[in-house]
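Structure file target-v5.txt with compact mmCIF, C-alpha atoms:
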# COMPACT_ATOMS: atom_id res chain seq x y z
CA MET I 1 183.56 112.14 86.71
CA LYS I 2 182.56 113.52 90.10
CA ILE I 3 179.53 115.24 88.56
CA LEU I 4 178.54 112.03 86.78
CA ASN I 5 178.82 109.99 89.97
CA THR I 6 176.75 112.54 91.86
CA ALA I 7 174.05 112.46 89.19
CA LEU I 8 173.95 108.67 89.24
CA GLY I 9 173.68 108.68 93.02
CA ILE I 10 170.82 111.14 92.93
CA ALA I 11 169.08 109.12 90.23
CA ALA I 12 169.36 105.97 92.34
CA TYR I 13 167.95 107.83 95.34
CA CYS I 14 165.12 109.15 93.19
CA MET I 15 164.25 105.65 91.96
CA LEU I 16 164.27 104.34 95.53
CA SER I 17 162.01 107.13 96.74
CA MET I 18 159.55 106.71 93.89
CA THR I 19 159.40 102.96 94.50
CA ASN I 20 158.77 103.31 98.22
CA LEU I 21 156.44 106.29 98.19
CA SER I 22 153.57 104.46 96.52
CA ALA I 23 150.89 105.47 99.01
CA THR I 24 148.51 106.79 96.39
CA SER I 25 148.37 103.38 94.71
CA MET I 26 146.79 101.97 97.88
CA THR I 27 143.14 101.12 97.97
CA ASP I 28 140.89 103.00 100.38
CA ASP I 29 140.83 99.98 102.68
CA GLU I 30 144.63 99.69 102.60
CA ILE I 31 144.93 103.35 103.62
CA THR I 32 142.74 102.86 106.70
CA LYS I 33 144.81 99.83 107.74
CA ALA I 34 148.28 101.07 106.74
CA ASP I 35 150.99 99.92 109.14
CA TYR I 36 152.57 102.89 110.93
CA LYS I 37 155.98 101.27 111.40
CA LYS I 38 156.19 100.42 107.71
CA LEU I 39 155.13 103.92 106.70
CA ILE I 40 157.81 105.69 108.71
CA LYS I 41 160.46 103.46 107.15
CA MET I 42 159.47 104.97 103.78
CA LEU I 43 160.41 108.49 104.86
CA THR I 44 163.60 110.36 104.03
CA PRO I 45 165.97 110.12 107.03
CA LEU I 46 166.97 113.42 108.63
CA ALA I 47 170.71 112.82 108.46
CA GLY I 48 173.73 114.88 107.53
CA SER I 49 173.20 117.46 104.78
CA THR I 50 170.53 115.45 102.96
CA PRO I 51 167.49 117.72 102.33
CA ALA I 52 164.48 116.29 104.14
CA GLN I 53 161.13 117.37 105.63
CA TRP I 54 160.31 119.49 102.58
CA ARG I 55 157.21 121.66 102.38
CA VAL I 56 155.80 124.42 100.22
CA VAL I 57 154.20 127.23 102.24
CA TRP I 58 151.62 129.65 100.87
CA SER I 59 150.86 133.15 102.12
CA GLY I 60 149.91 136.30 100.25
CA ASP I 61 149.34 135.95 96.50
CA THR I 62 149.42 132.22 95.76
CA THR I 63 149.40 132.75 91.98
CA THR I 64 152.86 134.37 91.96
CA THR I 65 154.65 133.51 95.23
CA ALA I 66 155.54 130.51 97.39
CA THR I 67 158.19 129.45 99.88
CA VAL I 68 160.07 126.16 99.60
CA SER I 69 161.49 124.96 102.92
CA TRP I 70 163.42 121.93 104.09
CA SER I 71 165.46 120.58 107.02
CA THR I 72 168.93 119.17 107.42
CA ALA I 73 170.47 117.44 110.42
CA VAL I 74 173.57 119.67 110.27
CA SER I 75 173.70 123.42 109.73
CA GLY I 76 175.74 123.30 106.53
CA LYS I 77 177.29 126.21 104.68
CA LYS I 78 175.38 126.56 101.41
CA HIS I 79 171.74 125.78 100.64
CA THR I 80 170.32 126.33 97.15
CA LEU I 81 166.97 125.85 95.46
CA HIS I 82 167.15 124.96 91.76
CA TYR I 83 163.79 125.46 90.02
CA GLY I 84 161.97 126.19 86.80
CA THR I 85 158.99 125.34 84.63
CA LYS I 86 160.67 122.40 82.87
CA PRO I 87 161.55 119.06 84.49
CA PHE I 88 165.28 118.43 84.27
CA GLY I 89 165.38 115.83 87.00
CA THR I 90 168.59 116.06 88.96
CA ASP I 91 170.56 117.87 86.23
CA VAL I 92 170.39 121.02 88.32
CA ALA I 93 172.51 123.17 86.01
CA LYS I 94 169.69 123.17 83.45
CA TYR I 95 167.07 124.77 85.69
CA GLU I 96 166.11 128.36 84.92
CA ASN I 97 166.57 129.64 88.46
CA HIS I 98 169.02 129.05 91.29
CA LEU I 99 168.24 130.78 94.58
CA GLU I 100 170.54 130.60 97.56
CA CYS I 101 168.81 130.28 100.90
CA LYS I 102 168.70 133.61 102.73
CA LYS I 103 167.17 132.35 105.96
CA SER I 104 168.49 129.33 107.87
CA GLY I 105 168.72 128.51 111.54
CA ALA I 106 168.41 125.91 114.24
CA TYR I 107 164.95 124.79 115.32
CA SER I 108 164.41 125.81 118.94
CA ILE I 109 164.78 122.97 121.40
CA ASN I 110 163.97 123.01 125.10
CA ALA I 111 166.52 122.03 127.72
CA LYS I 112 164.80 118.76 128.63
CA GLU I 113 164.68 117.47 125.05
CA ALA I 114 168.21 118.67 124.34
CA GLU I 115 169.47 115.95 126.66
CA THR I 116 168.22 113.17 124.36
CA THR I 117 167.35 114.77 121.00
CA LYS I 118 169.50 116.78 118.63
CA THR I 119 168.08 119.85 117.00
CA ALA I 120 168.03 120.23 113.22
CA PHE I 121 168.19 123.20 110.87
CA TYR I 122 165.57 124.92 108.71
CA HIS I 123 166.17 126.49 105.32
CA HIS I 124 163.64 128.79 103.62
CA VAL I 125 163.69 130.04 100.04
CA PRO I 126 160.89 132.49 99.12
CA MET I 127 160.00 132.47 95.42
CA THR I 128 158.48 135.50 93.69
CA GLY I 129 157.52 136.41 90.13
CA LEU I 130 155.95 133.02 89.45
CA MET I 131 153.31 132.44 86.79
CA PRO I 132 149.74 131.42 87.74
CA ASN I 133 148.48 127.88 87.17
CA THR I 134 151.99 126.63 86.41
CA LYS I 135 154.01 123.62 87.51
CA TYR I 136 157.33 124.53 89.13
CA TYR I 137 159.88 121.74 89.36
CA PHE I 138 162.58 122.02 91.99
CA VAL I 139 165.55 120.30 93.55
CA MET I 140 166.91 121.28 96.98
CA GLU I 141 170.66 121.25 97.54
CA SER I 142 172.53 121.45 100.83
CA ASP I 143 176.33 121.31 100.75
CA GLY I 144 176.34 119.20 97.61
CA GLU I 145 173.61 116.80 98.75
CA PHE I 146 170.50 116.83 96.55
CA SER I 147 166.85 115.94 96.94
CA ARG I 148 164.96 114.18 94.20
CA GLN I 149 163.01 116.37 91.79
CA LEU I 150 159.75 117.62 93.24
CA TYR I 151 157.15 120.08 91.99
CA PHE I 152 154.12 122.11 92.98
CA LYS I 153 151.54 124.05 91.04
CA THR I 154 150.73 127.72 91.56
CA CYS I 155 147.10 128.71 92.02
CA PRO I 156 145.16 129.63 88.88
CA LYS I 157 143.86 133.17 88.53
CA ALA I 158 140.27 132.46 87.54
CA GLU I 159 139.89 128.80 86.67
CA ASN I 160 137.94 126.39 88.89
CA PHE I 161 140.00 124.66 91.59
CA LYS I 162 139.70 122.72 94.85
CA LEU I 163 141.14 123.31 98.32
CA LEU I 164 141.54 120.74 101.11
CA VAL I 165 140.65 121.95 104.62
CA GLY I 166 141.45 120.18 107.89
CA GLY I 167 143.11 120.53 111.26
CA ASP I 168 144.23 118.80 114.46
CA SER I 169 146.91 116.34 113.40
CA ARG I 170 148.59 116.59 116.80
CA SER I 171 148.03 113.10 118.24
CA GLY I 172 147.29 109.63 116.98
CA LEU I 173 150.46 109.26 114.93
CA ALA I 174 149.23 106.27 112.93
CA SER I 175 145.96 108.04 112.11
CA ARG I 176 147.90 111.17 111.13
CA CYS I 177 149.99 109.18 108.67
CA ARG I 178 146.92 107.45 107.24
CA MET I 179 145.20 110.80 106.79
CA ASN I 180 148.30 112.05 104.99
CA LEU I 181 147.87 109.10 102.63
CA ARG I 182 144.24 110.16 102.20
CA LEU I 183 145.35 113.68 101.27
CA ALA I 184 147.80 112.27 98.75
CA LYS I 185 145.17 110.03 97.19
CA GLU I 186 142.74 112.94 96.89
CA LEU I 187 145.47 115.04 95.23
CA LYS I 188 146.34 112.30 92.76
CA GLU I 189 142.74 111.65 91.79
CA LYS I 190 141.84 115.36 91.64
CA PRO I 191 144.77 117.32 90.16
CA GLU I 192 142.74 120.54 90.48
CA ILE I 193 143.40 120.50 94.24
CA VAL I 194 145.82 123.36 94.91
CA ALA I 195 146.71 123.22 98.63
CA LEU I 196 145.87 122.14 102.17
CA ASN I 197 144.54 124.77 104.57
CA HIS I 198 145.70 123.34 107.90
CA GLY I 199 143.62 124.73 110.75
CA GLY I 200 146.24 124.34 113.48
CA ASP I 201 147.25 122.01 116.32
CA TYR I 202 149.90 120.28 114.27
CA ILE I 203 151.42 118.73 117.40
CA GLY I 204 150.65 118.33 121.12
CA SER I 205 153.20 120.78 122.48
CA GLY I 206 154.43 123.64 120.33
CA HIS I 207 157.64 123.83 122.37
CA SER I 208 158.59 120.23 121.55
CA TRP I 209 161.04 119.89 118.67
CA ARG I 210 160.74 116.10 118.94
CA GLN I 211 157.02 116.34 118.09
CA TRP I 212 157.53 118.86 115.29
CA ARG I 213 160.26 116.64 113.88
CA GLN I 214 157.79 113.75 113.64
CA TRP I 215 155.11 115.93 112.04
CA LEU I 216 157.51 117.32 109.45
CA SER I 217 158.68 113.86 108.43
CA HIS I 218 155.13 112.47 108.36
CA HIS I 219 154.12 115.32 106.06
CA GLU I 220 156.26 113.70 103.35
CA LEU I 221 153.48 111.11 102.95
CA THR I 222 151.38 113.79 101.22
CA THR I 223 153.90 113.92 98.35
CA LEU I 224 152.88 112.01 95.23
CA GLU I 225 155.03 109.38 93.51
CA ASP I 226 155.72 111.78 90.63
CA GLY I 227 157.02 114.38 93.10
CA ARG I 228 154.00 116.66 93.38
CA VAL I 229 154.00 118.51 96.73
CA LEU I 230 150.80 119.70 98.42
CA PRO I 231 151.31 123.33 99.59
CA ILE I 232 150.27 124.30 103.12
CA ILE I 233 148.33 127.37 104.22
CA PRO I 234 149.27 127.58 107.93
CA THR I 235 147.06 128.43 110.90
CA ARG I 236 148.15 128.65 114.54
CA GLY I 237 146.33 126.42 117.02
CA ASN I 238 146.26 126.51 120.80
CA HIS I 239 148.82 123.67 120.93
CA ASP I 240 151.20 125.48 118.57
CA GLY I 241 152.62 127.98 121.05
CA GLY I 242 156.31 128.77 121.05
CA PRO I 243 158.80 129.72 118.34
CA ILE I 244 158.96 126.49 116.31
CA PHE I 245 155.66 127.18 114.49
CA PHE I 246 157.23 130.31 113.03
CA GLU I 247 160.49 128.52 112.25
CA VAL I 248 158.70 125.70 110.42
CA PHE I 249 156.59 127.95 108.20
CA ASN I 250 158.93 130.94 107.77
CA LEU I 251 156.47 133.30 109.40
CA ASP I 252 157.03 136.56 111.24
CA LYS I 253 155.69 137.12 114.74
CA MET I 254 153.40 140.12 114.48
CA THR I 255 153.56 141.11 118.16
CA ASP I 256 155.56 140.43 121.26
CA LYS I 257 152.88 137.89 122.16
CA HIS I 258 153.75 135.76 119.13
CA SER I 259 150.48 136.27 117.29
CA PHE I 260 149.98 135.59 113.64
CA TRP I 261 147.30 136.54 111.14
CA HIS I 262 147.38 137.03 107.39
CA THR I 263 145.31 137.10 104.20
CA ILE I 264 145.66 134.56 101.40
CA SER I 265 144.64 135.33 97.83
CA LEU I 266 143.62 132.24 95.85
CA GLY I 267 143.29 133.71 92.37
CA GLU I 268 140.89 136.53 91.60
CA ASP I 269 137.78 135.07 93.22
CA VAL I 270 138.79 133.62 96.60
CA GLN I 271 140.24 135.34 99.68
CA ILE I 272 140.95 133.63 103.02
CA ILE I 273 141.54 135.73 106.12
CA THR I 274 143.45 133.75 108.76
CA LEU I 275 143.07 134.86 112.36
CA ASP I 276 144.65 133.83 115.67
CA THR I 277 142.33 132.59 118.42
CA ASN I 278 145.28 132.48 120.83
CA TYR I 279 145.28 136.28 120.83
CA SER I 280 142.70 138.84 121.95
CA ALA I 281 140.13 139.73 119.32
CA LYS I 282 139.99 143.29 120.58
CA GLY I 283 142.58 145.91 119.78
CA PRO I 284 145.09 145.23 116.97
CA GLN I 285 143.45 142.05 115.64
CA GLU I 286 139.97 143.63 115.49
CA LYS I 287 141.34 146.71 113.75
CA TRP I 288 143.26 144.61 111.24
CA LEU I 289 140.30 142.29 110.58
CA THR I 290 137.91 145.19 110.02
CA LYS I 291 140.25 146.72 107.45
CA GLN I 292 140.70 143.40 105.66
CA LEU I 293 136.97 142.63 105.51
CA SER I 294 135.97 146.12 104.37
CA THR I 295 138.62 146.14 101.66
CA ILE I 296 138.18 142.61 100.36
CA ARG I 297 134.41 142.05 100.42
CA PRO I 298 133.54 144.38 97.51
CA LYS I 299 136.23 142.84 95.29
CA THR I 300 135.90 139.09 95.74
CA THR I 301 133.35 136.39 94.94
CA TRP I 302 134.22 134.12 97.87
CA LEU I 303 135.29 135.50 101.25
CA LEU I 304 136.40 132.98 103.89
CA THR I 305 137.76 133.29 107.40
CA ASN I 306 140.08 130.73 108.96
CA TYR I 307 141.15 130.22 112.59
CA HIS I 308 141.45 127.45 115.15
CA ARG I 309 138.92 127.66 118.02
CA PRO I 310 135.26 127.54 116.91
CA LEU I 311 132.82 130.40 117.32
CA TYR I 312 129.86 128.02 116.90
CA PRO I 313 131.34 124.83 118.41
CA ALA I 314 130.00 121.31 118.30
CA VAL I 315 131.92 120.09 121.38
CA LYS I 316 133.43 122.83 123.52
CA SER I 317 132.44 126.35 124.60
CA PRO I 318 132.64 129.21 122.06
CA ALA I 319 136.02 130.86 121.58
CA GLY I 320 136.62 134.06 123.54
CA GLN I 321 136.80 135.99 120.26
CA THR I 322 133.18 135.19 119.35
CA ALA I 323 131.67 138.50 120.49
CA VAL I 324 134.05 140.44 118.24
CA PHE I 325 134.47 138.15 115.24
CA VAL I 326 130.85 137.12 114.63
CA PRO I 327 129.39 140.64 114.22
CA LEU I 328 132.20 141.54 111.83
CA PHE I 329 131.71 138.34 109.82
CA GLU I 330 128.00 139.14 109.50
CA LYS I 331 128.48 142.84 108.76
CA TYR I 332 130.78 142.10 105.85
CA ASN I 333 128.96 138.97 104.67
CA VAL I 334 131.64 136.32 105.07
CA ASP I 335 130.59 133.25 103.09
CA LEU I 336 132.31 130.48 105.03
CA ALA I 337 134.27 130.19 108.29
CA LEU I 338 136.86 127.40 108.70
CA GLU I 339 137.30 126.05 112.25
CA SER I 340 139.15 123.26 114.06
CA ASP I 341 139.84 122.32 117.72
CA GLY I 342 136.65 120.34 118.51
CA HIS I 343 137.85 116.97 117.11
CA CYS I 344 134.64 116.17 115.25
CA ILE I 345 132.80 116.91 111.98
CA LYS I 346 130.60 119.98 111.89
CA ARG I 347 128.70 122.12 109.38
CA THR I 348 126.27 124.70 110.72
CA VAL I 349 123.22 126.16 109.09
CA PRO I 350 123.78 129.73 107.82
CA ILE I 351 123.71 132.00 110.87
CA ARG I 352 122.87 135.68 111.29
CA ASP I 353 121.90 137.50 114.49
CA GLY I 354 122.02 134.27 116.47
CA LYS I 355 119.51 132.34 114.37
CA LYS I 356 119.20 130.43 111.12
CA ASP I 357 119.12 132.81 108.18
CA ALA I 358 119.72 132.05 104.51
CA SER I 359 121.89 135.18 104.26
CA GLY I 360 124.11 134.18 107.17
CA VAL I 361 127.56 132.67 107.63
CA VAL I 362 128.21 128.91 107.48
CA TYR I 363 130.80 127.47 109.91
CA ILE I 364 132.53 124.17 109.09
CA GLY I 365 135.34 121.92 110.31
CA GLU I 366 136.49 121.09 113.86
CA GLY I 367 139.48 118.92 112.94
CA GLY I 368 140.12 115.31 111.98
CA LEU I 369 143.63 114.97 110.52
CA GLY I 370 144.72 112.39 113.08
CA VAL I 371 143.53 113.46 116.49
CA GLY I 372 141.08 111.25 118.42
CA GLN I 373 137.48 112.22 117.84
CA TYR I 374 135.06 113.55 120.48
CA ARG I 375 131.33 113.00 120.63
CA PRO I 376 129.66 116.22 119.40
CA LYS I 377 126.54 117.85 120.84
CA GLU I 378 124.01 116.81 118.24
CA ASP I 379 121.12 118.78 119.80
CA LEU I 380 122.60 122.25 119.15
CA TRP I 381 120.15 124.32 117.11
CA TYR I 382 122.70 125.41 114.51
CA LEU I 383 123.59 121.78 113.71
CA LYS I 384 119.97 120.67 113.17
CA ASN I 385 117.44 121.31 110.39
CA GLY I 386 119.96 121.57 107.58
CA GLY I 387 123.26 121.41 109.46
CA TYR I 388 125.45 118.34 109.89
CA VAL I 389 127.37 116.83 112.79
CA SER I 390 129.29 113.56 113.21
CA ARG I 391 132.77 112.35 114.08
CA GLY I 392 135.59 110.52 112.32
CA HIS I 393 138.97 111.24 110.82
CA HIS I 394 138.31 113.42 107.81
CA VAL I 395 139.29 116.24 105.48
CA MET I 396 136.93 118.72 103.85
CA GLN I 397 137.15 119.63 100.19
CA LEU I 398 136.08 123.03 98.88
CA SER I 399 135.40 123.28 95.14
CA PHE I 400 135.37 126.87 93.88
CA SER I 401 133.80 128.32 90.77
CA LYS I 402 132.21 131.68 89.99
CA ASP I 403 128.78 130.10 90.33
CA ALA I 404 129.08 127.86 93.40
CA LEU I 405 131.21 126.74 96.35
CA ASN I 406 130.73 123.02 96.92
CA ILE I 407 131.70 121.53 100.29
CA GLU I 408 132.39 117.80 100.75
CA THR I 409 133.48 115.98 103.91
CA ILE I 410 135.71 113.02 103.07
CA LEU I 411 136.47 110.30 105.62
CA MET I 412 139.74 108.40 105.93
CA ASN I 413 138.26 105.57 103.85
CA GLY I 414 137.37 107.94 101.01
CA LYS I 415 133.64 107.98 101.69
CA VAL I 416 131.90 111.34 101.29
CA THR I 417 129.74 111.76 104.38
CA ASP I 418 128.32 115.26 103.86
CA THR I 419 127.84 117.68 100.96
CA HIS I 420 126.63 121.25 100.81
CA THR I 421 126.60 124.03 98.22
CA LEU I 422 126.84 127.79 98.68
CA LYS I 423 125.84 130.29 96.02
CA PRO I 424 127.68 133.62 95.60
CA ARG I 425 126.18 136.68 97.23
CA ALA I 426 124.62 139.37 95.10
CA LYS I 427 126.97 142.31 94.65
Show this structure as structure tokens.
Amino acid sequence: MKILNTALGIAAYCMLSMTNLSATSMTDDEITKADYKKLIKMLTPLAGSTPAQWRVVWSGDTTTTATVSWSTAVSGKKHTLHYGTKPFGTDVAKYENHLECKKSGAYSINAKEAETTKTAFYHHVPMTGLMPNTKYYFVMESDGEFSRQLYFKTCPKAENFKLLVGGDSRSGLASRCRMNLRLAKELKEKPEIVALNHGGDYIGSGHSWRQWRQWLSHHELTTLEDGRVLPIIPTRGNHDGGPIFFEVFNLDKMTDKHSFWHTISLGEDVQIITLDTNYSAKGPQEKWLTKQLSTIRPKTTWLLTNYHRPLYPAVKSPAGQTAVFVPLFEKYNVDLALESDGHCIKRTVPIRDGKKDASGVVYIGEGGLGVGQYRPKEDLWYLKNGGYVSRGHHVMQLSFSKDALNIETILMNGKVTDTHTLKPRAK
């Protein structure tokens, strides 16, 4: 009887969540005008042992691995992920796999916030041996409290797919939530989207658990009504200093200076090298980047780099890493560089040796996932005569195939404001 009552309770919670989380049924105009106070009432409360603030994190080989993470308000004793390729709802005993959480802990909280805000607890379950291009359904359990059934899809090996790219969700909470609705609507209308590459600056102060707590809860708005979760490829921004970034995304600090860089494999044809513009380009990062570029370039169709501070900015001065990164990008023929930080919309012309060159590298981004937008410098040579510059809350969509990489800039209202196509380099 206890099991039956638990199942009925979970089912009722699931029905409530699916009724409330109807963001993707909104019109484009409703998304731009969505009421912030009403949106946050839709979110799963962080209370007791109830799993909340879920996310799927990608690093490494995204066709066969992923990490499912969640938060609870209390530490708890046992945290389990039930998952498999068939949807059994909340009948967790029927799932093919049951993994106990091996890594849990308290989110770091500074002394000032500890006076008024309680910390919470993270739980990470890495998944390996997954199959490419496959839906994985999962239910999170913490001390007998269950989430509703959710799912994500692993990256395909060779099929065409799309990737969302954006950054700077750190301020403008209402705009952040509306952009999360935009992400959800894009995902629902284009099921071939596989993940969000977030370019960093999730919050204003990386040492503030209160701000991270808001961001993690707001991220729930990217989940579809049917439970599909949008995986995150993480990047560290200049506002993301401190330990919580690593606690949120289950990442290891590579040095005593808390740096982080990694390579993502999106199937057989796309590689993304994520760098850290909070750390010196010279020394370990330069050595690591050179090895990655020299190894990957001969094997992949599309080679991208990803980091926070722009090398060819539309608003601010170039990042300090420019003198090291740019020559390496050009030597190894990077196709596309993903940037944030400038709070505007930017796509450069292809650049090589400091001038426009059809064989050069294209730089896009600058961040619009909620942060207020700056006025860009429209007279910069690399933004004219084939480049693009503007401002507005936005996300960029990359559509990959063996024959082309299509880039679209999508505003909060769903309008596509810029398009561009890259062709693969001759091998």
Exercise. Please, what distance in Å, to one decimal, runs between atom CA of I:Thr72 and atom CA of I:Gly48?
Worked result: 6.4 Å
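The neighbours of stretch 143-147 of chain I here are the residues that come within 8 Å of it, using all atoms listed in the file and leaving out any residue fewer than 3 positions away in the same chain; they are I:Ile10, I:Cys14, I:Ser49, I:Thr50, I:Pro51, I:Ala52, I:Gly76, I:Lys77, I:Lys78, I:His79, I:Thr90, I:Val139, I:Met140.
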Problem set entry | Length of the atom CA of I:Ile273 to atom CA of I:Glu286 vector [Å] |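 Calculated distance between atom CA of I:Ile273 and atom CA of I:Glu286 is 12.4 Å.
Omitting I:Thr134 and its sequence neighbours fewer than 6 positions away, and counting only C-alpha atoms, the residues within 12 Å are Thr62, Thr63, Thr64, Thr65, Gly84, Thr85, Lys86, Tyr151, Phe152, Lys153, Thr154, Cys155, Pro156, Lys157, Glu192 and Val194 of chain I.
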Problem set entry | Close residues, I:Gly414 itself excluded, 12 Å, only C-alpha atoms, min 5 positions apart in chain, as an MDAnalysis selection string | chainID I and resid 26:32 178:179 181:186 189 392:397 408:409
Problem set entry | From I:Cys177, I:Val165, I:Leu187, I:Val74, residue lying nearest I:Ser142 [all atoms listed in the file] | I:Val74
Exercise. Using all atoms listed in the file, which residue out of I:Ser208, I:Thr300, I:Thr119, I:Thr128 lies closest to I:Ile244?
Worked result: I:Ser208
Problem set entry | Contact residues around I:Asn250 with only C-alpha atoms at 10 Å, ignoring same-chain residues under 5 positions, as number ranges by chain | I: 57, 67-69, 103-104, 122-126, 244-245
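Minimum atom-to-atom distances from I:Lys162, I:His343, I:Arg425, I:Lys299 to I:Ser399 were compared using all atoms listed in the file, and the lowest value belongs to I:Lys162.
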